[in-house]
file start18.cif (mmCIF, C-alpha atoms and all ligand atoms)
data_run
#
loop_
_atom_site.label_atom_id
_atom_site.label_comp_id
_atom_site.auth_asym_id
_atom_site.auth_seq_id
_atom_site.Cartn_x
_atom_site.Cartn_y
_atom_site.Cartn_z
CA MET A 1 -94.92 199.54 34.30
CA LYS A 2 -95.97 201.65 37.28
CA LYS A 3 -97.17 205.09 36.14
CA ILE A 4 -97.04 208.16 38.35
CA LYS A 5 -99.96 210.57 38.15
CA VAL A 6 -98.58 214.11 38.31
CA MET A 7 -100.96 217.06 38.48
CA THR A 8 -99.78 220.60 37.81
CA VAL A 9 -101.75 223.64 38.91
CA PHE A 10 -101.12 227.26 37.98
CA GLY A 11 -103.16 230.39 37.47
CA THR A 12 -101.20 233.52 36.58
CA ARG A 13 -99.03 234.64 33.67
CA PRO A 14 -95.60 233.97 35.22
CA GLU A 15 -96.65 230.55 36.52
CA ALA A 16 -97.84 229.63 33.01
CA VAL A 17 -94.57 230.79 31.39
CA LYS A 18 -92.54 228.78 33.87
CA MET A 19 -94.77 225.69 34.16
CA ALA A 20 -95.35 225.26 30.41
CA PRO A 21 -91.95 223.67 29.71
CA LEU A 22 -92.50 221.35 32.67
CA VAL A 23 -95.97 220.33 31.47
CA LYS A 24 -94.42 219.56 28.07
CA GLU A 25 -91.69 217.47 29.71
CA LEU A 26 -94.24 215.57 31.84
CA GLN A 27 -96.36 214.87 28.75
CA SER A 28 -93.33 213.46 26.94
CA ARG A 29 -92.56 210.76 29.53
CA ASN A 30 -94.07 207.27 29.29
CA GLU A 31 -93.82 206.74 33.04
CA ILE A 32 -96.09 209.70 33.80
CA ILE A 33 -99.78 210.50 33.52
CA SER A 34 -99.87 214.30 33.32
CA ILE A 35 -102.97 216.23 34.41
CA CYS A 36 -102.98 220.01 34.03
CA CYS A 37 -105.30 222.23 36.06
CA VAL A 38 -105.50 226.02 35.84
CA THR A 39 -107.30 228.18 38.37
CA GLY A 40 -107.78 231.07 35.95
CA GLN A 41 -106.60 233.56 38.61
CA HIS A 42 -105.58 235.47 35.47
CA ARG A 43 -107.77 235.09 32.40
CA GLU A 44 -106.52 236.86 29.28
CA MET A 45 -102.90 236.91 30.48
CA LEU A 46 -103.01 233.17 31.21
CA ASP A 47 -104.84 232.16 28.05
CA SER A 48 -102.36 233.98 25.84
CA MET A 49 -99.51 231.98 27.42
CA LEU A 50 -101.37 228.65 27.05
CA GLN A 51 -101.89 229.46 23.40
CA VAL A 52 -98.20 230.17 22.76
CA TYR A 53 -97.23 226.82 24.26
CA GLY A 54 -100.19 224.88 22.83
CA ILE A 55 -101.39 223.61 26.20
CA THR A 56 -105.06 222.72 26.77
CA PRO A 57 -105.73 222.28 30.49
CA ASP A 58 -107.73 219.29 31.73
CA TYR A 59 -109.42 221.50 34.34
CA ASP A 60 -110.08 225.25 34.41
CA LEU A 61 -111.55 226.68 37.62
CA ASP A 62 -112.10 230.05 35.91
CA ILE A 63 -112.04 232.03 39.18
CA MET A 64 -110.92 235.51 38.07
CA GLU A 65 -112.97 238.58 39.04
CA LYS A 66 -112.27 242.23 38.28
CA ASN A 67 -110.55 243.79 41.31
CA GLN A 68 -110.32 240.41 43.03
CA THR A 69 -109.04 240.33 46.59
CA LEU A 70 -106.54 237.93 48.10
CA SER A 71 -109.33 236.30 50.13
CA THR A 72 -111.63 235.70 47.18
CA ILE A 73 -108.83 234.19 45.09
CA THR A 74 -107.79 231.96 48.00
CA CYS A 75 -111.32 230.74 48.79
CA LYS A 76 -112.32 230.04 45.20
CA ALA A 77 -109.05 228.30 44.31
CA LEU A 78 -109.04 226.25 47.52
CA ALA A 79 -112.61 224.99 47.06
CA GLY A 80 -112.14 224.35 43.34
CA MET A 81 -108.90 222.44 43.89
CA GLU A 82 -110.50 220.26 46.55
CA ASP A 83 -112.99 218.90 44.00
CA VAL A 84 -110.34 218.30 41.34
CA LEU A 85 -107.92 216.61 43.76
CA LYS A 86 -110.63 214.35 45.18
CA LYS A 87 -111.60 213.27 41.69
CA GLU A 88 -108.10 212.75 40.28
CA GLN A 89 -106.20 211.58 43.39
CA PRO A 90 -102.77 212.38 41.87
CA ASP A 91 -99.59 210.93 43.36
CA ILE A 92 -98.20 214.46 43.59
CA LEU A 93 -99.38 218.03 42.93
CA LEU A 94 -96.84 220.46 41.47
CA VAL A 95 -97.27 224.16 42.26
CA HIS A 96 -95.07 227.02 41.16
CA GLY A 97 -93.60 230.04 42.88
CA ASP A 98 -95.48 232.33 45.21
CA THR A 99 -98.91 233.40 43.99
CA THR A 100 -102.23 232.93 45.73
CA THR A 101 -102.95 230.05 43.33
CA THR A 102 -99.67 228.46 44.49
CA PHE A 103 -100.55 228.74 48.15
CA SER A 104 -104.19 227.65 47.74
CA GLY A 105 -103.20 224.70 45.56
CA ALA A 106 -100.63 223.50 48.08
CA LEU A 107 -103.08 223.92 50.98
CA ALA A 108 -105.83 222.02 49.14
CA ALA A 109 -103.41 219.14 48.49
CA PHE A 110 -102.29 219.17 52.11
CA TYR A 111 -105.92 218.88 53.25
CA GLN A 112 -106.25 215.75 51.05
CA GLN A 113 -102.85 214.49 52.28
CA ILE A 114 -101.52 214.53 48.73
CA PRO A 115 -97.77 215.29 48.46
CA VAL A 116 -96.77 218.65 47.02
CA GLY A 117 -93.77 219.47 44.83
CA HIS A 118 -92.76 223.14 44.88
CA VAL A 119 -91.22 224.44 41.67
CA GLU A 120 -89.14 227.62 42.11
CA ALA A 121 -88.71 226.92 45.81
CA GLY A 122 -86.56 228.75 48.34
CA LEU A 123 -86.64 232.36 47.11
CA ARG A 124 -86.73 234.70 50.10
CA THR A 125 -86.37 238.34 51.04
CA TRP A 126 -87.01 237.46 54.71
CA ASP A 127 -89.37 240.44 54.79
CA LYS A 128 -92.97 239.40 55.42
CA TYR A 129 -94.47 242.35 53.54
CA SER A 130 -92.10 242.55 50.58
CA PRO A 131 -93.08 241.18 48.22
CA PHE A 132 -96.60 241.08 49.57
CA PRO A 133 -98.20 238.54 49.79
CA GLU A 134 -95.68 236.43 47.88
CA GLU A 135 -93.02 236.09 50.62
CA ILE A 136 -95.48 234.39 52.95
CA ASN A 137 -97.11 232.35 50.17
CA ARG A 138 -93.79 230.78 49.20
CA THR A 139 -92.65 230.31 52.80
CA LEU A 140 -95.84 228.45 53.73
CA VAL A 141 -95.65 226.31 50.61
CA GLY A 142 -92.05 225.45 51.52
CA ARG A 143 -93.37 224.11 54.82
CA ILE A 144 -96.07 222.02 53.11
CA ALA A 145 -93.98 220.67 50.23
CA GLU A 146 -92.42 217.24 50.24
CA LEU A 147 -90.21 217.98 47.25
CA ASN A 148 -88.60 221.40 46.78
CA PHE A 149 -87.16 222.26 43.38
CA ALA A 150 -84.82 225.16 44.10
CA PRO A 151 -83.51 227.06 41.05
CA THR A 152 -80.13 227.94 42.60
CA SER A 153 -77.84 226.78 45.40
CA SER A 154 -78.60 229.93 47.40
CA ASN A 155 -82.35 229.17 47.17
CA ALA A 156 -81.58 225.68 48.51
CA ALA A 157 -79.53 227.23 51.34
CA ASN A 158 -82.54 229.38 52.28
CA LEU A 159 -84.67 226.26 52.65
CA ARG A 160 -82.01 224.54 54.76
CA ALA A 161 -81.86 227.64 56.97
CA GLU A 162 -85.57 227.10 57.61
CA GLY A 163 -84.96 223.50 58.67
CA VAL A 164 -85.87 221.71 55.42
CA THR A 165 -83.34 218.89 55.25
CA GLU A 166 -84.80 216.43 52.73
CA GLY A 167 -86.28 216.53 49.25
CA ILE A 168 -84.35 219.56 47.97
CA PHE A 169 -83.19 219.42 44.35
CA ILE A 170 -81.24 222.23 42.67
CA THR A 171 -82.65 222.36 39.18
CA GLY A 172 -82.17 225.78 37.59
CA ASN A 173 -85.22 227.87 36.75
CA THR A 174 -87.68 226.60 34.15
CA VAL A 175 -87.91 230.15 32.76
CA ILE A 176 -84.59 229.53 31.01
CA ASP A 177 -86.11 226.36 29.50
CA ALA A 178 -89.00 228.53 28.28
CA MET A 179 -86.66 230.95 26.51
CA LYS A 180 -85.35 228.14 24.32
CA TYR A 181 -88.74 228.14 22.60
CA THR A 182 -89.15 231.87 22.16
CA VAL A 183 -86.03 233.96 21.47
CA ARG A 184 -84.96 234.14 17.81
CA ASP A 185 -82.63 236.57 15.98
CA ASP A 186 -84.95 236.49 12.95
CA TYR A 187 -88.16 236.78 15.00
CA VAL A 188 -90.80 239.00 13.33
CA PHE A 189 -93.21 240.74 15.73
CA GLU A 190 -96.92 240.22 15.22
CA SER A 191 -97.73 243.47 16.98
CA ASP A 192 -97.82 246.59 14.77
CA ALA A 193 -96.76 248.70 17.75
CA LEU A 194 -93.57 246.66 18.17
CA ASN A 195 -92.88 246.58 14.42
CA SER A 196 -92.99 250.36 14.33
CA LEU A 197 -90.28 250.76 17.00
CA ASP A 198 -86.87 251.98 15.81
CA PHE A 199 -84.54 249.71 17.79
CA GLU A 200 -81.52 250.87 15.73
CA ASN A 201 -81.66 254.61 16.35
CA LYS A 202 -83.58 254.87 19.61
CA LYS A 203 -82.85 253.55 23.08
CA VAL A 204 -85.90 251.42 23.80
CA ILE A 205 -86.55 250.89 27.51
CA THR A 206 -88.98 248.07 28.24
CA VAL A 207 -90.94 248.65 31.42
CA THR A 208 -93.30 246.47 33.47
CA CYS A 209 -94.71 247.19 36.93
CA HIS A 210 -97.47 245.41 38.80
CA ARG A 211 -96.47 244.52 42.38
CA ARG A 212 -99.15 245.00 45.00
CA GLU A 213 -96.68 246.63 47.43
CA ASN A 214 -96.01 249.29 44.76
CA TYR A 215 -99.70 250.22 44.36
CA GLY A 216 -100.28 253.93 45.03
CA LYS A 217 -97.39 256.34 45.62
CA PRO A 218 -94.48 254.01 44.75
CA LEU A 219 -95.98 253.21 41.33
CA GLN A 220 -96.79 256.89 40.79
CA ASP A 221 -93.18 257.84 41.61
CA ILE A 222 -91.79 255.18 39.29
CA MET A 223 -93.95 256.60 36.48
CA LEU A 224 -92.68 260.12 37.25
CA ALA A 225 -89.11 258.85 36.79
CA LEU A 226 -90.08 257.50 33.36
CA LYS A 227 -91.68 260.84 32.50
CA LYS A 228 -88.47 262.63 33.44
CA LEU A 229 -86.45 260.22 31.29
CA VAL A 230 -88.42 260.79 28.07
CA GLU A 231 -88.50 264.53 28.71
CA THR A 232 -84.71 264.64 29.24
CA TYR A 233 -83.44 262.23 26.56
CA GLU A 234 -84.77 262.62 23.04
CA ASP A 235 -83.50 259.23 21.92
CA VAL A 236 -85.39 257.32 24.63
CA VAL A 237 -88.56 255.40 23.85
CA ILE A 238 -90.48 253.66 26.63
CA VAL A 239 -92.54 250.57 25.92
CA ASP A 240 -94.81 249.27 28.66
CA PRO A 241 -97.15 246.34 28.03
CA VAL A 242 -99.39 247.46 30.87
CA HIS A 243 -100.67 244.79 33.27
CA LEU A 244 -104.46 244.33 33.21
CA SER A 245 -104.88 245.13 36.91
CA PRO A 246 -107.26 248.15 37.03
CA VAL A 247 -105.15 249.71 39.82
CA VAL A 248 -102.01 249.53 37.71
CA ARG A 249 -103.70 250.78 34.55
CA GLU A 250 -105.21 253.80 36.23
CA THR A 251 -101.85 254.98 37.59
CA VAL A 252 -99.80 254.20 34.47
CA PHE A 253 -102.20 255.69 31.91
CA GLY A 254 -102.97 258.60 34.25
CA THR A 255 -99.30 259.55 34.63
CA ILE A 256 -97.51 258.80 31.35
CA GLY A 257 -100.35 257.91 28.96
CA GLU A 258 -100.23 261.16 26.98
CA LEU A 259 -96.45 261.56 26.62
CA ASP A 260 -94.49 261.45 23.36
CA ARG A 261 -92.23 258.43 22.95
CA VAL A 262 -94.19 256.45 25.53
CA CYS A 263 -95.83 253.42 24.00
CA LEU A 264 -98.42 251.85 26.30
CA ILE A 265 -99.72 248.58 24.92
CA ASP A 266 -101.68 245.57 26.18
CA PRO A 267 -99.83 242.65 27.76
CA LEU A 268 -97.87 240.71 25.18
CA PRO A 269 -97.76 236.99 24.46
CA VAL A 270 -94.53 235.64 25.89
CA ASP A 271 -92.73 235.13 22.57
CA GLU A 272 -93.35 238.80 21.66
CA MET A 273 -92.22 239.86 25.13
CA HIS A 274 -88.97 237.89 25.13
CA ASN A 275 -88.03 239.19 21.69
CA LEU A 276 -88.93 242.76 22.69
CA MET A 277 -86.57 242.42 25.68
CA ALA A 278 -83.86 240.94 23.46
CA ARG A 279 -83.96 244.08 21.24
CA SER A 280 -84.33 246.66 24.01
CA TYR A 281 -81.55 248.85 25.39
CA MET A 282 -82.45 248.16 29.02
CA ILE A 283 -85.27 247.04 31.31
CA ILE A 284 -86.97 248.81 34.22
CA THR A 285 -89.26 246.50 36.15
CA ASP A 286 -90.65 245.24 39.43
CA SER A 287 -91.29 241.80 37.90
CA GLY A 288 -89.64 238.69 39.24
CA GLY A 289 -89.49 236.85 35.93
CA LEU A 290 -87.91 239.74 34.02
CA GLN A 291 -85.04 239.80 36.53
CA GLU A 292 -84.24 236.24 35.47
CA GLU A 293 -84.79 236.62 31.75
CA ALA A 294 -83.02 239.92 31.01
CA PRO A 295 -79.58 238.86 32.33
CA ALA A 296 -79.70 235.83 30.03
CA LEU A 297 -80.28 238.26 27.15
CA GLY A 298 -77.45 240.59 28.21
CA LYS A 299 -79.79 243.48 29.06
CA PRO A 300 -79.21 245.69 32.12
CA VAL A 301 -82.11 245.67 34.57
CA LEU A 302 -83.10 248.33 37.09
CA VAL A 303 -85.39 246.75 39.65
CA VAL A 304 -87.90 249.24 41.01
CA ARG A 305 -88.41 247.62 44.38
CA LYS A 306 -86.83 247.99 47.79
CA GLU A 307 -85.41 244.48 47.83
CA THR A 308 -85.13 241.38 45.70
CA GLU A 309 -85.27 237.65 46.33
CA ARG A 310 -83.08 237.18 43.27
CA PRO A 311 -79.60 238.28 44.41
CA GLU A 312 -77.72 236.12 41.91
CA ALA A 313 -77.90 238.57 38.99
CA VAL A 314 -77.22 241.53 41.30
CA LYS A 315 -74.04 239.75 42.34
CA ALA A 316 -73.18 239.07 38.70
CA GLY A 317 -73.59 242.81 37.99
CA THR A 318 -76.44 242.79 35.45
CA VAL A 319 -79.26 243.76 37.82
CA LYS A 320 -79.34 246.77 40.15
CA LEU A 321 -81.86 247.62 42.82
CA ALA A 322 -83.13 251.12 42.10
CA GLY A 323 -85.81 251.41 44.79
CA VAL A 324 -89.03 253.36 44.22
CA GLU A 325 -87.96 257.00 44.46
CA THR A 326 -88.25 259.15 41.33
CA ASP A 327 -84.85 260.84 41.50
CA VAL A 328 -82.87 257.72 42.32
CA ILE A 329 -84.47 255.77 39.47
CA PHE A 330 -83.89 258.69 37.08
CA ASP A 331 -80.22 259.02 38.10
CA MET A 332 -79.53 255.30 37.77
CA ALA A 333 -81.21 255.12 34.37
CA SER A 334 -79.37 258.29 33.24
CA GLU A 335 -76.05 256.69 34.10
CA LEU A 336 -76.86 253.75 31.82
CA LEU A 337 -78.05 256.07 29.03
CA THR A 338 -75.02 258.36 29.07
CA ASN A 339 -72.05 256.36 30.35
CA GLU A 340 -71.04 253.71 27.83
CA GLU A 341 -68.64 252.03 30.24
CA ALA A 342 -71.27 251.74 32.97
CA TYR A 343 -73.71 250.34 30.38
CA GLN A 344 -71.24 247.76 29.05
CA GLN A 345 -70.41 246.61 32.57
CA MET A 346 -74.04 245.64 33.08
CA ALA A 347 -74.86 244.50 29.54
CA LYS A 348 -73.15 241.14 29.70
CA ALA A 349 -75.02 237.91 29.26
CA VAL A 350 -74.96 235.96 32.50
CA ASN A 351 -77.18 233.14 33.44
CA PRO A 352 -77.11 232.18 37.09
CA TYR A 353 -80.68 230.93 36.83
CA GLY A 354 -80.43 227.84 34.68
CA ASP A 355 -79.07 225.91 31.71
CA GLY A 356 -82.37 225.12 29.99
CA ASN A 357 -82.69 221.66 31.57
CA ALA A 358 -84.64 222.48 34.74
CA SER A 359 -87.84 220.70 33.65
CA LYS A 360 -85.93 217.56 32.80
CA ARG A 361 -84.23 217.56 36.22
CA ILE A 362 -87.57 218.08 37.99
CA VAL A 363 -89.23 215.16 36.20
CA ASP A 364 -86.16 212.94 36.79
CA ALA A 365 -86.28 213.83 40.49
CA ILE A 366 -89.98 212.91 40.70
CA LEU A 367 -89.35 209.54 39.04
CA TRP A 368 -86.44 208.91 41.39
CA HIS A 369 -88.50 209.94 44.43
CA PHE A 370 -91.28 207.47 43.52
CA GLY A 371 -88.80 204.66 42.85
CA VAL A 372 -89.54 204.47 39.11
CA SER A 373 -85.97 205.39 38.24
CA ASP A 374 -82.85 204.56 40.24
CA LYS A 375 -80.94 207.56 38.93
CA GLN A 376 -80.96 210.69 41.09
CA PRO A 377 -80.55 213.79 38.87
CA GLU A 378 -77.40 215.84 39.29
CA ASP A 379 -77.86 219.32 40.73
CA PHE A 380 -77.68 222.37 38.46
CA LYS A 381 -74.40 224.12 39.12
CA GLY A 382 -74.81 227.82 38.44
C1 LIG B 1 -100.58 238.11 40.59
C2 LIG B 1 -99.76 237.50 41.72
C3 LIG B 1 -98.33 238.03 41.68
C4 LIG B 1 -97.73 237.87 40.30
C5 LIG B 1 -98.64 238.49 39.26
C6 LIG B 1 -98.10 238.24 37.89
C7 LIG B 1 -100.98 237.02 43.78
C8 LIG B 1 -101.45 237.55 45.07
N1 LIG B 1 -100.31 237.88 43.00
O1 LIG B 1 -100.69 239.50 40.86
O2 LIG B 1 -97.54 237.32 42.61
O3 LIG B 1 -96.48 238.52 40.28
O4 LIG B 1 -99.94 237.88 39.36
O5 LIG B 1 -98.66 239.09 36.95
O6 LIG B 1 -101.19 235.88 43.47
N2 LIG B 1 -106.59 240.97 35.39
C9 LIG B 1 -107.34 240.84 34.26
N3 LIG B 1 -106.96 239.88 33.33
C10 LIG B 1 -105.88 239.09 33.51
C11 LIG B 1 -105.12 239.24 34.67
C12 LIG B 1 -105.49 240.18 35.62
O7 LIG B 1 -108.30 241.53 34.04
O8 LIG B 1 -105.58 238.26 32.63
C13 LIG B 1 -106.99 241.99 36.39
C14 LIG B 1 -108.23 241.59 37.19
O9 LIG B 1 -109.01 242.75 37.40
C15 LIG B 1 -107.63 241.14 38.52
C16 LIG B 1 -106.42 242.05 38.64
O10 LIG B 1 -105.92 242.17 37.31
O11 LIG B 1 -108.55 241.29 39.56
C17 LIG B 1 -105.33 241.61 39.55
O12 LIG B 1 -104.97 240.25 39.33
P1 LIG B 1 -104.38 239.37 40.56
O13 LIG B 1 -104.08 238.00 40.06
O14 LIG B 1 -105.27 239.48 41.73
O15 LIG B 1 -103.06 240.14 40.96
P2 LIG B 1 -101.73 240.44 40.16
O16 LIG B 1 -101.30 241.81 40.51
O17 LIG B 1 -101.91 240.08 38.73
N1 LIG B 2 -94.50 238.77 30.24
C1 LIG B 2 -95.17 238.59 29.04
N2 LIG B 2 -95.86 239.64 28.52
C2 LIG B 2 -95.93 240.84 29.10
C3 LIG B 2 -95.23 241.02 30.34
C4 LIG B 2 -94.56 239.95 30.89
O1 LIG B 2 -95.12 237.52 28.45
O2 LIG B 2 -96.59 241.74 28.56
C5 LIG B 2 -93.78 237.62 30.81
C6 LIG B 2 -92.33 237.88 31.19
O3 LIG B 2 -91.47 237.71 30.08
C7 LIG B 2 -92.12 236.87 32.27
C8 LIG B 2 -93.46 236.83 32.98
O4 LIG B 2 -94.41 237.32 32.05
O5 LIG B 2 -91.90 235.59 31.73
C9 LIG B 2 -93.42 237.71 34.20
O6 LIG B 2 -94.68 237.90 34.69
P1 LIG B 2 -95.04 239.03 35.72
O7 LIG B 2 -94.08 240.15 35.62
O8 LIG B 2 -96.48 239.32 35.52
O9 LIG B 2 -94.93 238.29 37.12
P2 LIG B 2 -93.73 238.05 38.15
O10 LIG B 2 -92.62 237.38 37.42
O11 LIG B 2 -93.36 239.37 38.72
O12 LIG B 2 -94.35 237.18 39.19
#

call {"tool": "encode", "arguments": {"input": "start18.cif", "output": "structure tokens"}}
result
Amino acid sequence: MKKIKVMTVFGTRPEAVKMAPLVKELQSRNEIISICCVTGQHREMLDSMLQVYGITPDYDLDIMEKNQTLSTITCKALAGMEDVLKKEQPDILLVHGDTTTTFSGALAAFYQQIPVGHVEAGLRTWDKYSPFPEEINRTLVGRIAELNFAPTSSNAANLRAEGVTEGIFITGNTVIDAMKYTVRDDYVFESDALNSLDFENKKVITVTCHRRENYGKPLQDIMLALKKLVETYEDVVIVDPVHLSPVVRETVFGTIGELDRVCLIDPLPVDEMHNLMARSYMIITDSGGLQEEAPALGKPVLVVRKETERPEAVKAGTVKLAGVETDVIFDMASELLTNEEAYQQMAKAVNPYGDGNASKRIVDAILWHFGVSDKQPEDFKG
């Protein structure tokens, strides 16, 4: 039987969360030789995810530096990937999303004329600098990729609007596959900080912020909104597993680090994170992944960004764009804390992002593309 050699490459926390179910699916198929490479763009935050999913990479480029720049990540990942691709000569390289690892991996494969499959393809804001540099990373990868795995039909429409006519599969997002492994009603936290939270009597707001375009004043203003919330509402507790970026940590700890009912902890393993979200009252975030996960858990999300490439949950009513101004964020959060009807309208479980079978569809599409299977997978219908 002909076997297809499929290499996956990823480097940051969200890529690991969303590629892990796919790596597992690839490993489970007899028709596939699965090779997993990590760039190590993130170190601790990547390793903790690999541990949760029990994945040992075949290659680890180990490129992370403190305060790394976009250029250093790109150069180190590009050169490292060239060596690995030359050695392994995979039939296809799978990259995920929109990070610098994603872009460098796709470019390295293009230079070796190795086909690229883009997982989580077609998300767009159409604004070059927001999110920065992700919008351009994903757009360029869309141009390079031979196969585009779009989570939703509107992501697929974005690709068609850019002139991509072939090789688009609508699969759902693998993050929903990932949640099948993690969320449990009887889950017991490993973290003492999480075990000591009173989810019954307090309104726990889970917060994460890390976007480069929010560095500086926007992040400072978001933190001031959180400060105002704990100072105004005695039943509010804020939990923020603070990203390891030194820029983020300085602003977050410097602004809200000393406040009562603000719990700043280190980044959490993904199973702890998903279960924390599942027990929280609401989420305030600039993360992409949280915008997909929280609606599936029935938790209202305020997105502290100026725009989002994930309009599906906004349309469904569970996510609202709050921008980056202190008073607007405070007012929108206050509404959810004080108006039960407004809260209930947002706190409904909707799942426009997938049905838990995205990885299976992606692998089926690869096998169909290479002529190993004659069955084209059916699109995910959100
Ligand atoms: C990166 C991605 C972003 C993604 C985010 C997920 C790019 C340009 N950005 O941004 O799209 O949303 O990951 O979190 O690819 N650090 C550590 N340990 C870690 C991880 C990070 O110490 O495990 C520190 C390092 O000092 C590093 C800094 O965080 O230099 C920033 O990491 P980097 O990957 O450059 O940017 P992110 O903001 O994490
Ligand atoms: N996440 C996690 N631990 C944390 C914070 C986030 O496991 O302390 C998970 C989160 O559930 C989601 C992913 O990391 O699956 C999102 O990553 P991030 O916000 O860093 O990146 P983005 O999605 O914005 O690219």

call {"tool": "closest_residue", "arguments": {"input": "start18.cif", "among": "A:Lys315, A:Arg138, A:Arg143, A:Arg160", "to": "His96 in chain A", "atoms": "all atoms listed in the file"}}
result
A:Arg138

call {"tool": "closest_residue", "arguments": {"input": "start18.cif", "among": "A:Gln112, A:Thr255, A:Met223, A:Ser334", "to": "Glu88 in chain A", "atoms": "only C-alpha atoms"}}
result
A:Gln112

call {"tool": "residues_around", "arguments": {"input": "start18.cif", "residues": "Leu337 in chain A", "least_positions_apart": "5", "cutoff": "10 Å", "atoms": "all atoms listed in the file", "output": "list in words"}}
result
Lys203, Leu229, Tyr233, Asp235, Val236, Tyr281, Met282, Asp331, Met332, Ala342 and Tyr343 of chain A

call {"tool": "residues_around", "arguments": {"input": "start18.cif", "residues": "Leu290 in chain A", "least_positions_apart": "4", "cutoff": "10 Å", "atoms": "only C-alpha atoms", "output": "PyMOL selection string"}}
result
chain A and resi 14+175+207-208+273-274+277+283-286+294-296+301+303

call {"tool": "write_last_selection", "arguments": {"input": "start18.cif", "atoms": "C-alpha atoms", "output": "PDB file, keeping the file's coordinate frame"}}
result
ATOM      1  CA  PRO A  14     -95.600 233.970  35.220  1.00  0.00           C
ATOM      2  CA  VAL A 175     -87.910 230.150  32.760  1.00  0.00           C
ATOM      3  CA  VAL A 207     -90.940 248.650  31.420  1.00  0.00           C
ATOM      4  CA  THR A 208     -93.300 246.470  33.470  1.00  0.00           C
ATOM      5  CA  MET A 273     -92.220 239.860  25.130  1.00  0.00           C
ATOM      6  CA  HIS A 274     -88.970 237.890  25.130  1.00  0.00           C
ATOM      7  CA  MET A 277     -86.570 242.420  25.680  1.00  0.00           C
ATOM      8  CA  ILE A 283     -85.270 247.040  31.310  1.00  0.00           C
ATOM      9  CA  ILE A 284     -86.970 248.810  34.220  1.00  0.00           C
ATOM     10  CA  THR A 285     -89.260 246.500  36.150  1.00  0.00           C
ATOM     11  CA  ASP A 286     -90.650 245.240  39.430  1.00  0.00           C
ATOM     12  CA  ALA A 294     -83.020 239.920  31.010  1.00  0.00           C
ATOM     13  CA  PRO A 295     -79.580 238.860  32.330  1.00  0.00           C
ATOM     14  CA  ALA A 296     -79.700 235.830  30.030  1.00  0.00           C
ATOM     15  CA  VAL A 301     -82.110 245.670  34.570  1.00  0.00           C
ATOM     16  CA  VAL A 303     -85.390 246.750  39.650  1.00  0.00           C
TER      17      VAL A 303
END

call {"tool": "closest_residue", "arguments": {"input": "start18.cif", "among": "A:Glu292, A:Glu378, A:Glu15, A:Glu335", "to": "His42 in chain A", "atoms": "only C-alpha atoms"}}
result
A:Glu15

call {"tool": "closest_residue", "arguments": {"input": "start18.cif", "among": "A:Lys299, A:Lys227, A:Arg13, A:Lys5", "to": "ligand LIG 2 (chain B)", "atoms": "only C-alpha atoms and all ligand atoms"}}
result
A:Arg13

call {"tool": "closest_residue", "arguments": {"input": "start18.cif", "among": "A:Gly11, A:Pro90, A:Val363, A:Gly356", "to": "Val23 in chain A", "atoms": "only C-alpha atoms"}}
result
A:Val363

call {"tool": "atom_distance", "arguments": {"input": "start18.cif", "atom1": "CA of Asn148 in chain A", "atom2": "CA of Ile366 in chain A"}}
result
10.5 Å

call {"tool": "decode", "arguments": {"input": "start18.cif", "residues": "range 145-154 of chain A", "atoms": "N, CA and C atoms", "output": "short mmCIF file (atom, residue, chain, number, x, y, z; two decimals), in the first residue's frame"}}
result
data_model
loop_
_atom_site.label_atom_id
_atom_site.label_comp_id
_atom_site.auth_asym_id
_atom_site.auth_seq_id
_atom_site.Cartn_x
_atom_site.Cartn_y
_atom_site.Cartn_z
N ALA A 145 -0.32 27.80 -0.07
CA ALA A 145 -0.89 26.47 0.20
C ALA A 145 -1.57 25.84 -1.01
N GLU A 146 -1.42 24.52 -1.07
CA GLU A 146 -2.11 23.76 -2.12
C GLU A 146 -3.46 23.28 -1.59
N LEU A 147 -3.49 22.92 -0.32
CA LEU A 147 -4.74 22.53 0.31
C LEU A 147 -5.05 23.51 1.43
N ASN A 148 -6.27 24.01 1.45
CA ASN A 148 -6.70 24.95 2.50
C ASN A 148 -7.83 24.33 3.29
N PHE A 149 -7.60 24.13 4.58
CA PHE A 149 -8.63 23.56 5.45
C PHE A 149 -9.29 24.69 6.22
N ALA A 150 -10.43 25.13 5.71
CA ALA A 150 -11.12 26.29 6.28
C ALA A 150 -12.08 25.80 7.36
N PRO A 151 -12.04 26.39 8.56
CA PRO A 151 -12.97 25.94 9.61
C PRO A 151 -14.44 26.14 9.24
N THR A 152 -14.78 27.29 8.64
CA THR A 152 -16.20 27.59 8.40
C THR A 152 -16.42 27.98 6.94
N SER A 153 -17.69 28.04 6.56
CA SER A 153 -18.00 28.40 5.17
C SER A 153 -17.60 29.85 4.90
N SER A 154 -17.67 30.71 5.90
CA SER A 154 -17.30 32.11 5.62
C SER A 154 -15.77 32.23 5.47
#
